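Data from start-v3.pdb: PDB, N, CA and C atoms and all ligand atoms
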```
ATOM      1  N   MET R   1    -104.984 -43.198  28.110
ATOM      2  CA  MET R   1    -105.061 -42.494  26.823
ATOM      3  C   MET R   1    -105.709 -43.382  25.769
ATOM      4  N   LYS R   2    -106.630 -42.782  25.052
ATOM      5  CA  LYS R   2    -107.252 -43.514  23.946
ATOM      6  C   LYS R   2    -106.345 -43.499  22.726
ATOM      7  N   ALA R   3    -106.270 -44.630  22.085
ATOM      8  CA  ALA R   3    -105.454 -44.695  20.868
ATOM      9  C   ALA R   3    -106.133 -43.910  19.747
ATOM     10  N   ALA R   4    -105.339 -43.384  18.875
ATOM     11  CA  ALA R   4    -105.898 -42.677  17.726
ATOM     12  C   ALA R   4    -106.728 -43.653  16.896
ATOM     13  N   ARG R   5    -107.812 -43.148  16.356
ATOM     14  CA  ARG R   5    -108.725 -44.029  15.630
ATOM     15  C   ARG R   5    -108.147 -44.502  14.299
ATOM     16  N   ASP R   6    -107.422 -43.626  13.652
ATOM     17  CA  ASP R   6    -106.885 -44.037  12.352
ATOM     18  C   ASP R   6    -105.441 -44.496  12.509
ATOM     19  N   ALA R   7    -104.910 -45.079  11.479
ATOM     20  CA  ALA R   7    -103.547 -45.600  11.519
ATOM     21  C   ALA R   7    -102.562 -44.587  10.943
ATOM     22  N   GLY R   8    -102.905 -43.341  11.053
ATOM     23  CA  GLY R   8    -101.998 -42.307  10.583
ATOM     24  C   GLY R   8    -102.195 -41.939   9.135
ATOM     25  N   ARG R   9    -103.237 -42.469   8.502
ATOM     26  CA  ARG R   9    -103.448 -42.144   7.097
ATOM     27  C   ARG R   9    -104.267 -40.872   6.941
ATOM     28  N   ALA R  10    -105.321 -40.770   7.721
ATOM     29  CA  ALA R  10    -106.126 -39.554   7.654
ATOM     30  C   ALA R  10    -105.300 -38.401   8.203
ATOM     31  N   SER R  11    -105.316 -37.288   7.510
ATOM     32  CA  SER R  11    -104.480 -36.196   7.946
ATOM     33  C   SER R  11    -105.321 -34.956   8.206
ATOM     34  N   SER R  12    -104.886 -34.171   9.165
ATOM     35  CA  SER R  12    -105.575 -32.929   9.457
ATOM     36  C   SER R  12    -105.305 -31.944   8.337
ATOM     37  N   LEU R  13    -106.181 -30.957   8.222
ATOM     38  CA  LEU R  13    -106.002 -29.958   7.176
ATOM     39  C   LEU R  13    -104.699 -29.192   7.384
ATOM     40  N   ALA R  14    -104.336 -28.978   8.663
ATOM     41  CA  ALA R  14    -103.084 -28.272   8.951
ATOM     42  C   ALA R  14    -101.886 -29.066   8.430
ATOM     43  N   ALA R  15    -101.923 -30.382   8.656
ATOM     44  CA  ALA R  15    -100.829 -31.226   8.174
ATOM     45  C   ALA R  15    -100.796 -31.229   6.653
ATOM     46  N   TRP R  16    -101.982 -31.235   6.060
ATOM     47  CA  TRP R  16    -102.074 -31.235   4.597
ATOM     48  C   TRP R  16    -101.483 -29.945   4.025
ATOM     49  N   ARG R  17    -101.841 -28.829   4.660
ATOM     50  CA  ARG R  17    -101.319 -27.536   4.192
ATOM     51  C   ARG R  17     -99.810 -27.461   4.348
ATOM     52  N   GLU R  18     -99.299 -28.018   5.453
ATOM     53  CA  GLU R  18     -97.856 -28.024   5.672
ATOM     54  C   GLU R  18     -97.174 -28.876   4.593
ATOM     55  N   ALA R  19     -97.778 -30.012   4.264
ATOM     56  CA  ALA R  19     -97.216 -30.870   3.214
ATOM     57  C   ALA R  19     -97.237 -30.139   1.870
ATOM     58  N   ARG R  20     -98.297 -29.363   1.646
ATOM     59  CA  ARG R  20     -98.380 -28.628   0.386
ATOM     60  C   ARG R  20     -97.307 -27.531   0.333
ATOM     61  N   ARG R  21     -97.059 -26.917   1.496
ATOM     62  CA  ARG R  21     -96.008 -25.895   1.552
ATOM     63  C   ARG R  21     -94.653 -26.527   1.216
ATOM     64  N   ILE R  22     -94.372 -27.674   1.809
ATOM     65  CA  ILE R  22     -93.099 -28.362   1.562
ATOM     66  C   ILE R  22     -93.002 -28.789   0.097
ATOM     67  N   ALA R  23     -94.143 -29.225  -0.460
ATOM     68  CA  ALA R  23     -94.156 -29.659  -1.862
ATOM     69  C   ALA R  23     -93.825 -28.506  -2.804
ATOM     70  N   GLY R  24     -94.010 -27.274  -2.330
ATOM     71  CA  GLY R  24     -93.726 -26.112  -3.159
ATOM     72  C   GLY R  24     -92.304 -25.597  -2.995
ATOM     73  N   LEU R  25     -91.550 -26.193  -2.085
ATOM     74  CA  LEU R  25     -90.167 -25.758  -1.869
ATOM     75  C   LEU R  25     -89.271 -26.228  -3.001
ATOM     76  N   HIS R  26     -88.111 -25.625  -3.074
ATOM     77  CA  HIS R  26     -87.111 -26.057  -4.052
ATOM     78  C   HIS R  26     -86.631 -27.462  -3.667
ATOM     79  N   PRO R  27     -86.366 -28.318  -4.670
ATOM     80  CA  PRO R  27     -85.939 -29.699  -4.375
ATOM     81  C   PRO R  27     -84.764 -29.806  -3.399
ATOM     82  N   THR R  28     -83.833 -28.864  -3.453
ATOM     83  CA  THR R  28     -82.697 -28.954  -2.526
ATOM     84  C   THR R  28     -83.158 -28.723  -1.085
ATOM     85  N   GLN R  29     -84.192 -27.885  -0.900
ATOM     86  CA  GLN R  29     -84.742 -27.671   0.436
ATOM     87  C   GLN R  29     -85.564 -28.883   0.871
ATOM     88  N   GLN R  30     -86.265 -29.484  -0.099
ATOM     89  CA  GLN R  30     -87.066 -30.661   0.219
ATOM     90  C   GLN R  30     -86.181 -31.814   0.673
ATOM     91  N   LYS R  31     -85.078 -31.980  -0.050
ATOM     92  CA  LYS R  31     -84.193 -33.117   0.215
ATOM     93  C   LYS R  31     -83.651 -33.103   1.639
ATOM     94  N   SER R  32     -83.399 -31.914   2.183
ATOM     95  CA  SER R  32     -82.860 -31.815   3.535
ATOM     96  C   SER R  32     -83.963 -31.698   4.579
ATOM     97  N   HIS R  33     -85.222 -31.720   4.133
ATOM     98  CA  HIS R  33     -86.328 -31.632   5.072
ATOM     99  C   HIS R  33     -86.459 -32.950   5.845
ATOM    100  N   PRO R  34     -86.782 -32.865   7.146
ATOM    101  CA  PRO R  34     -86.896 -34.088   7.966
ATOM    102  C   PRO R  34     -87.901 -35.103   7.423
ATOM    103  N   SER R  35     -88.892 -34.655   6.662
ATOM    104  CA  SER R  35     -89.906 -35.594   6.167
ATOM    105  C   SER R  35     -89.486 -36.287   4.876
ATOM    106  N   ALA R  36     -88.357 -35.885   4.301
ATOM    107  CA  ALA R  36     -87.894 -36.509   3.060
ATOM    108  C   ALA R  36     -87.321 -37.897   3.351
ATOM    109  N   VAL R  37     -87.595 -38.831   2.452
ATOM    110  CA  VAL R  37     -87.087 -40.196   2.579
ATOM    111  C   VAL R  37     -86.183 -40.473   1.382
ATOM    112  N   PRO R  38     -84.900 -40.823   1.612
ATOM    113  CA  PRO R  38     -83.983 -41.051   0.485
ATOM    114  C   PRO R  38     -84.422 -42.233  -0.381
ATOM    115  N   ALA R  39     -84.232 -42.106  -1.671
ATOM    116  CA  ALA R  39     -84.538 -43.200  -2.591
ATOM    117  C   ALA R  39     -83.349 -44.149  -2.661
ATOM    118  N   ASP R  40     -83.622 -45.405  -3.003
ATOM    119  CA  ASP R  40     -82.571 -46.397  -3.198
ATOM    120  C   ASP R  40     -82.532 -46.768  -4.691
ATOM    121  N   PRO R  41     -81.588 -46.177  -5.430
ATOM    122  CA  PRO R  41     -81.558 -46.378  -6.889
ATOM    123  C   PRO R  41     -81.434 -47.849  -7.283
ATOM    124  N   SER R  42     -80.801 -48.666  -6.419
ATOM    125  CA  SER R  42     -80.614 -50.080  -6.763
ATOM    126  C   SER R  42     -81.944 -50.836  -6.797
ATOM    127  N   LYS R  43     -82.966 -50.254  -6.165
ATOM    128  CA  LYS R  43     -84.289 -50.893  -6.168
ATOM    129  C   LYS R  43     -85.197 -50.294  -7.238
ATOM    130  N   LEU R  44     -84.628 -49.407  -8.035
ATOM    131  CA  LEU R  44     -85.441 -48.728  -9.050
ATOM    132  C   LEU R  44     -84.985 -49.100 -10.452
ATOM    133  N   SER R  45     -84.395 -50.297 -10.577
ATOM    134  CA  SER R  45     -83.869 -50.694 -11.885
ATOM    135  C   SER R  45     -84.969 -50.930 -12.909
ATOM    136  N   HIS R  46     -86.229 -51.064 -12.420
ATOM    137  CA  HIS R  46     -87.353 -51.233 -13.357
ATOM    138  C   HIS R  46     -87.720 -49.905 -14.021
ATOM    139  N   VAL R  47     -87.173 -48.816 -13.481
ATOM    140  CA  VAL R  47     -87.449 -47.507 -14.070
ATOM    141  C   VAL R  47     -86.480 -47.299 -15.227
ATOM    142  N   THR R  48     -87.003 -47.284 -16.415
ATOM    143  CA  THR R  48     -86.134 -47.209 -17.586
ATOM    144  C   THR R  48     -86.214 -45.855 -18.286
ATOM    145  N   THR R  49     -87.126 -45.019 -17.802
ATOM    146  CA  THR R  49     -87.256 -43.700 -18.423
ATOM    147  C   THR R  49     -86.101 -42.827 -17.958
ATOM    148  N   TYR R  50     -85.307 -42.369 -18.896
ATOM    149  CA  TYR R  50     -84.116 -41.615 -18.546
ATOM    150  C   TYR R  50     -84.475 -40.326 -17.813
ATOM    151  N   GLY R  51     -83.727 -40.053 -16.753
ATOM    152  CA  GLY R  51     -83.870 -38.777 -16.067
ATOM    153  C   GLY R  51     -85.014 -38.701 -15.075
ATOM    154  N   THR R  52     -85.696 -39.824 -14.842
ATOM    155  CA  THR R  52     -86.838 -39.754 -13.936
ATOM    156  C   THR R  52     -86.580 -40.395 -12.579
ATOM    157  N   LEU R  53     -85.380 -40.920 -12.362
ATOM    158  CA  LEU R  53     -85.088 -41.544 -11.070
ATOM    159  C   LEU R  53     -85.120 -40.501  -9.956
ATOM    160  N   PRO R  54     -85.920 -40.754  -8.940
ATOM    161  CA  PRO R  54     -85.966 -39.786  -7.824
ATOM    162  C   PRO R  54     -84.756 -39.942  -6.902
ATOM    163  N   ASP R  55     -84.301 -38.837  -6.325
ATOM    164  CA  ASP R  55     -83.260 -38.872  -5.290
ATOM    165  C   ASP R  55     -83.880 -39.187  -3.933
ATOM    166  N   PHE R  56     -85.110 -38.732  -3.795
ATOM    167  CA  PHE R  56     -85.771 -38.822  -2.492
ATOM    168  C   PHE R  56     -87.271 -38.753  -2.716
ATOM    169  N   TYR R  57     -88.021 -39.093  -1.675
ATOM    170  CA  TYR R  57     -89.482 -38.976  -1.712
ATOM    171  C   TYR R  57     -89.903 -37.947  -0.680
ATOM    172  N   ILE R  58     -90.947 -37.222  -1.007
ATOM    173  CA  ILE R  58     -91.459 -36.202  -0.100
ATOM    174  C   ILE R  58     -92.979 -36.383  -0.024
ATOM    175  N   ASP R  59     -93.552 -36.131   1.145
ATOM    176  CA  ASP R  59     -95.002 -36.272   1.299
ATOM    177  C   ASP R  59     -95.728 -35.494   0.204
ATOM    178  N   ARG R  60     -96.693 -36.139  -0.441
ATOM    179  CA  ARG R  60     -97.443 -35.487  -1.510
ATOM    180  C   ARG R  60     -98.893 -35.284  -1.091
ATOM    181  N   PRO R  61     -99.290 -34.043  -0.866
ATOM    182  CA  PRO R  61    -100.688 -33.782  -0.546
ATOM    183  C   PRO R  61    -101.525 -33.848  -1.819
ATOM    184  N   PHE R  62    -102.688 -34.439  -1.713
ATOM    185  CA  PHE R  62    -103.580 -34.470  -2.871
ATOM    186  C   PHE R  62    -105.017 -34.530  -2.395
ATOM    187  N   ILE R  63    -105.921 -34.262  -3.315
ATOM    188  CA  ILE R  63    -107.345 -34.342  -3.002
ATOM    189  C   ILE R  63    -107.906 -35.541  -3.750
ATOM    190  N   CYS R  64    -108.528 -36.437  -3.014
ATOM    191  CA  CYS R  64    -109.072 -37.655  -3.623
ATOM    192  C   CYS R  64    -110.028 -37.293  -4.756
ATOM    193  N   ARG R  65    -109.788 -37.880  -5.934
ATOM    194  CA  ARG R  65    -110.618 -37.518  -7.082
ATOM    195  C   ARG R  65    -112.003 -38.156  -6.988
ATOM    196  N   ARG R  66    -112.142 -39.117  -6.096
ATOM    197  CA  ARG R  66    -113.445 -39.765  -5.978
ATOM    198  C   ARG R  66    -114.321 -39.111  -4.906
ATOM    199  N   CYS R  67    -113.758 -38.879  -3.715
ATOM    200  CA  CYS R  67    -114.600 -38.372  -2.618
ATOM    201  C   CYS R  67    -114.215 -36.960  -2.175
ATOM    202  N   GLY R  68    -113.111 -36.426  -2.703
ATOM    203  CA  GLY R  68    -112.741 -35.050  -2.384
ATOM    204  C   GLY R  68    -112.031 -34.870  -1.061
ATOM    205  N   LYS R  69    -111.670 -35.969  -0.412
ATOM    206  CA  LYS R  69    -110.982 -35.899   0.871
ATOM    207  C   LYS R  69    -109.535 -35.426   0.685
ATOM    208  N   HIS R  70    -109.070 -34.613   1.629
ATOM    209  CA  HIS R  70    -107.665 -34.209   1.624
ATOM    210  C   HIS R  70    -106.837 -35.341   2.196
ATOM    211  N   GLU R  71    -105.864 -35.793   1.455
ATOM    212  CA  GLU R  71    -105.019 -36.866   1.950
ATOM    213  C   GLU R  71    -103.566 -36.600   1.581
ATOM    214  N   ILE R  72    -102.672 -37.149   2.390
ATOM    215  CA  ILE R  72    -101.237 -37.023   2.119
ATOM    216  C   ILE R  72    -100.702 -38.400   1.752
ATOM    217  N   TRP R  73    -100.072 -38.470   0.587
ATOM    218  CA  TRP R  73     -99.381 -39.702   0.204
ATOM    219  C   TRP R  73     -97.993 -39.618   0.817
ATOM    220  N   LYS R  74     -97.789 -40.419   1.857
ATOM    221  CA  LYS R  74     -96.571 -40.314   2.649
ATOM    222  C   LYS R  74     -95.342 -40.754   1.855
ATOM    223  N   ALA R  75     -94.241 -40.079   2.140
ATOM    224  CA  ALA R  75     -92.981 -40.383   1.457
ATOM    225  C   ALA R  75     -92.611 -41.859   1.620
ATOM    226  N   ARG R  76     -92.799 -42.395   2.831
ATOM    227  CA  ARG R  76     -92.412 -43.799   3.063
ATOM    228  C   ARG R  76     -93.310 -44.756   2.274
ATOM    229  N   ASP R  77     -94.576 -44.353   2.051
ATOM    230  CA  ASP R  77     -95.471 -45.185   1.249
ATOM    231  C   ASP R  77     -95.083 -45.140  -0.226
ATOM    232  N   GLN R  78     -94.616 -43.986  -0.681
ATOM    233  CA  GLN R  78     -94.140 -43.872  -2.067
ATOM    234  C   GLN R  78     -92.927 -44.758  -2.278
ATOM    235  N   LYS R  79     -92.024 -44.731  -1.296
ATOM    236  CA  LYS R  79     -90.807 -45.551  -1.390
ATOM    237  C   LYS R  79     -91.180 -47.026  -1.524
ATOM    238  N   TRP R  80     -92.115 -47.477  -0.726
ATOM    239  CA  TRP R  80     -92.552 -48.867  -0.809
ATOM    240  C   TRP R  80     -93.188 -49.143  -2.176
ATOM    241  N   TYR R  81     -94.034 -48.238  -2.603
ATOM    242  CA  TYR R  81     -94.785 -48.402  -3.845
ATOM    243  C   TYR R  81     -93.843 -48.546  -5.045
ATOM    244  N   TYR R  82     -92.839 -47.679  -5.116
ATOM    245  CA  TYR R  82     -91.918 -47.705  -6.255
ATOM    246  C   TYR R  82     -90.829 -48.766  -6.115
ATOM    247  N   GLU R  83     -90.287 -48.907  -4.894
ATOM    248  CA  GLU R  83     -89.100 -49.751  -4.743
ATOM    249  C   GLU R  83     -89.437 -51.203  -4.413
ATOM    250  N   GLU R  84     -90.523 -51.451  -3.705
ATOM    251  CA  GLU R  84     -90.901 -52.823  -3.354
ATOM    252  C   GLU R  84     -92.006 -53.341  -4.272
ATOM    253  N   ALA R  85     -93.034 -52.525  -4.509
ATOM    254  CA  ALA R  85     -94.127 -52.963  -5.381
ATOM    255  C   ALA R  85     -93.782 -52.749  -6.853
ATOM    256  N   LYS R  86     -92.659 -52.069  -7.113
ATOM    257  CA  LYS R  86     -92.157 -51.864  -8.480
ATOM    258  C   LYS R  86     -93.193 -51.184  -9.379
ATOM    259  N   ALA R  87     -93.828 -50.200  -8.823
ATOM    260  CA  ALA R  87     -94.824 -49.459  -9.601
ATOM    261  C   ALA R  87     -94.133 -48.574 -10.635
ATOM    262  N   HIS R  88     -94.880 -48.232 -11.667
ATOM    263  CA  HIS R  88     -94.375 -47.305 -12.665
ATOM    264  C   HIS R  88     -94.110 -45.966 -11.989
ATOM    265  N   ILE R  89     -92.985 -45.354 -12.321
ATOM    266  CA  ILE R  89     -92.553 -44.142 -11.631
ATOM    267  C   ILE R  89     -93.524 -42.976 -11.858
ATOM    268  N   ASP R  90     -94.305 -43.038 -12.919
ATOM    269  CA  ASP R  90     -95.275 -41.974 -13.172
ATOM    270  C   ASP R  90     -96.605 -42.211 -12.452
ATOM    271  N   ALA R  91     -96.736 -43.396 -11.848
ATOM    272  CA  ALA R  91     -97.986 -43.697 -11.145
ATOM    273  C   ALA R  91     -98.031 -42.938  -9.829
ATOM    274  N   ILE R  92     -99.078 -42.175  -9.627
ATOM    275  CA  ILE R  92     -99.209 -41.426  -8.376
ATOM    276  C   ILE R  92    -100.582 -41.692  -7.766
ATOM    277  N   ALA R  93    -100.686 -41.431  -6.477
ATOM    278  CA  ALA R  93    -101.964 -41.631  -5.797
ATOM    279  C   ALA R  93    -102.945 -40.540  -6.198
ATOM    280  N   VAL R  94    -104.125 -40.952  -6.608
ATOM    281  CA  VAL R  94    -105.161 -39.969  -6.942
ATOM    282  C   VAL R  94    -106.427 -40.203  -6.116
ATOM    283  N   GLU R  95    -106.458 -41.338  -5.409
ATOM    284  CA  GLU R  95    -107.609 -41.628  -4.558
ATOM    285  C   GLU R  95    -107.119 -41.898  -3.142
ATOM    286  N   CYS R  96    -107.944 -41.542  -2.175
ATOM    287  CA  CYS R  96    -107.574 -41.749  -0.783
ATOM    288  C   CYS R  96    -107.567 -43.237  -0.456
ATOM    289  N   HIS R  97    -106.985 -43.563   0.689
ATOM    290  CA  HIS R  97    -106.862 -44.965   1.088
ATOM    291  C   HIS R  97    -108.230 -45.654   1.129
ATOM    292  N   GLU R  98    -109.224 -44.957   1.688
ATOM    293  CA  GLU R  98    -110.560 -45.546   1.794
ATOM    294  C   GLU R  98    -111.134 -45.897   0.423
ATOM    295  N   CYS R  99    -111.028 -44.971  -0.518
ATOM    296  CA  CYS R  99    -111.592 -45.210  -1.847
ATOM    297  C   CYS R  99    -110.826 -46.330  -2.564
ATOM    298  N   ARG R 100    -109.506 -46.360  -2.383
ATOM    299  CA  ARG R 100    -108.719 -47.412  -3.041
ATOM    300  C   ARG R 100    -109.088 -48.787  -2.508
ATOM    301  N   THR R 101    -109.288 -48.887  -1.187
ATOM    302  CA  THR R 101    -109.599 -50.189  -0.617
ATOM    303  C   THR R 101    -111.050 -50.576  -0.890
ATOM    304  N   ARG R 102    -111.876 -49.597  -1.265
ATOM    305  CA  ARG R 102    -113.279 -49.872  -1.603
ATOM    306  C   ARG R 102    -113.399 -50.408  -3.035
ATOM    307  N   ASN R 103    -112.316 -50.242  -3.789
ATOM    308  CA  ASN R 103    -112.320 -50.694  -5.188
ATOM    309  C   ASN R 103    -112.599 -52.192  -5.315
ATOM    310  N   ASP R 104    -113.292 -52.564  -6.384
ATOM    311  CA  ASP R 104    -113.447 -54.005  -6.607
ATOM    312  C   ASP R 104    -112.422 -54.515  -7.588
TER     313      ASP R 104
HETATM  314 ZN    ZN I 201    -111.614 -40.870  -1.402
END
```
Please rewrite the model in this file as structure tokens.
Ligand SMILES: [Zn+2]
Amino acid sequence: MKAARDAGRASSLAAWREARRIAGLHPTQQKSHPSAVPADPSKLSHVTTYGTLPDFYIDRPFICRRCGKHEIWKARDQKWYYEEAKAHIDAIAVECHECRTRND
């Protein structure tokens, strides 16, 4: 068997549409969805904006604003971004992985 060419970042349109469907669900349905990743509030102490602490992360489908590619910002990547990289909670992915790594 040949290994997949990408590392799981590039997503099929079907997967993207499914992620968009889940993104449109009610938060209580999202939270119990298998793709949801629980948040760790103890790692989000840098978030000082009241009422914005997430309970969980869910895959976020988006279209790259630079190249127009359909990409999914994975829940586990969001968790790392906010909880380990301590990113601002309002910061979201707007460019695909390729465009971000092409940045100077
Ligand atoms: Zn792009």
With distances taken over all atoms listed in the file, which of R:Ile63, R:Leu13, R:Ile92, R:Leu53 is nearest to ligand ZN 201 (chain I)?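 Counting all atoms listed in the file, the residue closest to ligand ZN 201 (chain I) is R:Ile63.
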Would you mind reading off the distance between atom CA of R:Ile22 and atom CA of R:Thr48, one decimal, in Å?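 Rounded to one decimal, the two atoms are 27.8 Å apart.
In this model, the gap between atom N of R:Ser42 and atom C of R:Arg60 comes to 23.1 Å.
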Which residues, named as in the file, does the PyMOL selection byres (((not hetatm) and name CA) within 8 of (chain I and resi 201)) pick out? Answer as number ranges by chain. R: 63-69, 95-100
Would you mind reading off the distance between atom C of R:Ala19 and atom CA of R:Pro61, one decimal, in Å?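 Value for the atom C of R:Ala19-atom CA of R:Pro61 distance: 5.6 Å.
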Let me know the residues the PyMOL selection byres (((chain R and resi 74 and name CA) around 12) and not hetatm and name CA) catches in the file above, as JSON, numbers by chain. {"R": [8, 9, 10, 11, 15, 16, 19, 23, 35, 36, 37, 57, 58, 59, 60, 61, 62, 71, 72, 73, 75, 76, 77, 78, 79, 80, 81, 92, 93, 96, 97]}
Expected answer as a list in words: strand (DSSP E or B) residues in stretch 5-103 of chain R: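 After running DSSP on the backbone, stretch 5-103 of chain R has strand (DSSP E or B) at Ala10, Val37, Pro38, Phe56, Tyr57, Arg60, Pro61, Phe62, Ile63, His70, Glu71, Ile72 and Trp73 of chain R.
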Under the rule that all atoms listed in the file are counted, which of R:Arg21, R:His70, R:Pro54, R:Thr101 is the nearest residue to R:Pro41?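 Closest residue, counting all atoms listed in the file: R:Pro54.
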File for stretch 12-85 of chain R (C-alpha atoms), as a JSON list (two decimals), in the first residue's frame:
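Once everything was written out, this is part-v5.json:
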```
[["chain", "number", "residue", "atom", "x", "y", "z"],
["R", 12, "SER", "CA", -11.54, 16.12, 0.46],
["R", 13, "LEU", "CA", -14.54, 18.23, -0.42],
["R", 14, "ALA", "CA", -16.78, 15.58, 1.15],
["R", 15, "ALA", "CA", -14.89, 15.86, 4.43],
["R", 16, "TRP", "CA", -15.05, 19.63, 4.21],
["R", 17, "ARG", "CA", -18.81, 19.57, 3.67],
["R", 18, "GLU", "CA", -19.24, 17.18, 6.59],
["R", 19, "ALA", "CA", -17.20, 19.52, 8.80],
["R", 20, "ARG", "CA", -19.36, 22.41, 7.65],
["R", 21, "ARG", "CA", -22.49, 20.44, 8.52],
["R", 22, "ILE", "CA", -21.14, 19.74, 12.01],
["R", 23, "ALA", "CA", -20.14, 23.39, 12.39],
["R", 24, "GLY", "CA", -23.80, 24.28, 11.83],
["R", 25, "LEU", "CA", -25.08, 21.99, 14.58],
["R", 26, "HIS", "CA", -26.15, 23.21, 17.98],
["R", 27, "PRO", "CA", -23.19, 23.40, 20.42],
["R", 28, "THR", "CA", -24.65, 20.65, 22.60],
["R", 29, "GLN", "CA", -24.70, 18.33, 19.56],
["R", 30, "GLN", "CA", -21.19, 19.41, 18.60],
["R", 31, "LYS", "CA", -19.84, 18.73, 22.07],
["R", 32, "SER", "CA", -20.95, 15.09, 21.97],
["R", 33, "HIS", "CA", -19.74, 14.62, 18.40],
["R", 34, "PRO", "CA", -16.80, 12.18, 18.04],
["R", 35, "SER", "CA", -14.71, 14.87, 16.33],
["R", 36, "ALA", "CA", -15.01, 17.31, 19.24],
["R", 37, "VAL", "CA", -11.92, 17.77, 21.41],
["R", 38, "PRO", "CA", -12.48, 18.91, 25.03],
["R", 39, "ALA", "CA", -10.79, 22.15, 26.07],
["R", 40, "ASP", "CA", -8.55, 22.36, 29.14],
["R", 41, "PRO", "CA", -9.50, 25.59, 30.97],
["R", 42, "SER", "CA", -6.34, 25.43, 33.12],
["R", 43, "LYS", "CA", -4.29, 25.98, 29.95],
["R", 44, "LEU", "CA", -6.39, 28.93, 28.86],
["R", 45, "SER", "CA", -5.53, 31.30, 31.69],
["R", 46, "HIS", "CA", -4.13, 33.76, 29.12],
["R", 47, "VAL", "CA", -7.68, 34.23, 27.88],
["R", 48, "THR", "CA", -8.96, 37.18, 29.83],
["R", 49, "THR", "CA", -11.99, 38.09, 27.77],
["R", 50, "TYR", "CA", -14.98, 37.16, 29.88],
["R", 51, "GLY", "CA", -17.30, 34.54, 28.46],
["R", 52, "THR", "CA", -15.08, 33.43, 25.61],
["R", 53, "LEU", "CA", -13.52, 30.30, 27.11],
["R", 54, "PRO", "CA", -14.35, 27.34, 24.88],
["R", 55, "ASP", "CA", -15.67, 24.08, 26.35],
["R", 56, "PHE", "CA", -14.45, 22.14, 23.37],
["R", 57, "TYR", "CA", -12.97, 22.48, 19.89],
["R", 58, "ILE", "CA", -14.65, 21.34, 16.72],
["R", 59, "ASP", "CA", -13.20, 21.04, 13.21],
["R", 60, "ARG", "CA", -13.59, 24.38, 11.43],
["R", 61, "PRO", "CA", -13.96, 24.30, 7.66],
["R", 62, "PHE", "CA", -12.75, 27.41, 5.89],
["R", 63, "ILE", "CA", -11.66, 28.62, 2.49],
["R", 64, "CYS", "CA", -8.11, 29.92, 2.28],
["R", 65, "ARG", "CA", -8.29, 33.67, 1.71],
["R", 66, "ARG", "CA", -5.10, 33.58, -0.31],
["R", 67, "CYS", "CA", -5.48, 30.62, -2.68],
["R", 68, "GLY", "CA", -9.14, 29.64, -2.26],
["R", 69, "LYS", "CA", -8.40, 26.08, -1.19],
["R", 70, "HIS", "CA", -10.93, 24.29, 1.00],
["R", 71, "GLU", "CA", -9.27, 23.37, 4.25],
["R", 72, "ILE", "CA", -10.33, 22.12, 7.66],
["R", 73, "TRP", "CA", -8.75, 23.58, 10.77],
["R", 74, "LYS", "CA", -8.70, 20.47, 12.91],
["R", 75, "ALA", "CA", -10.00, 20.56, 16.46],
["R", 76, "ARG", "CA", -6.75, 19.08, 17.79],
["R", 77, "ASP", "CA", -4.75, 21.79, 15.99],
["R", 78, "GLN", "CA", -6.94, 24.49, 17.55],
["R", 79, "LYS", "CA", -6.36, 22.98, 20.98],
["R", 80, "TRP", "CA", -2.61, 23.14, 20.45],
["R", 81, "TYR", "CA", -2.80, 26.66, 19.04],
["R", 82, "TYR", "CA", -4.78, 28.08, 21.97],
["R", 83, "GLU", "CA", -3.55, 25.95, 24.86],
["R", 84, "GLU", "CA", 0.13, 25.34, 23.99],
["R", 85, "ALA", "CA", 0.98, 28.22, 21.65]]
```
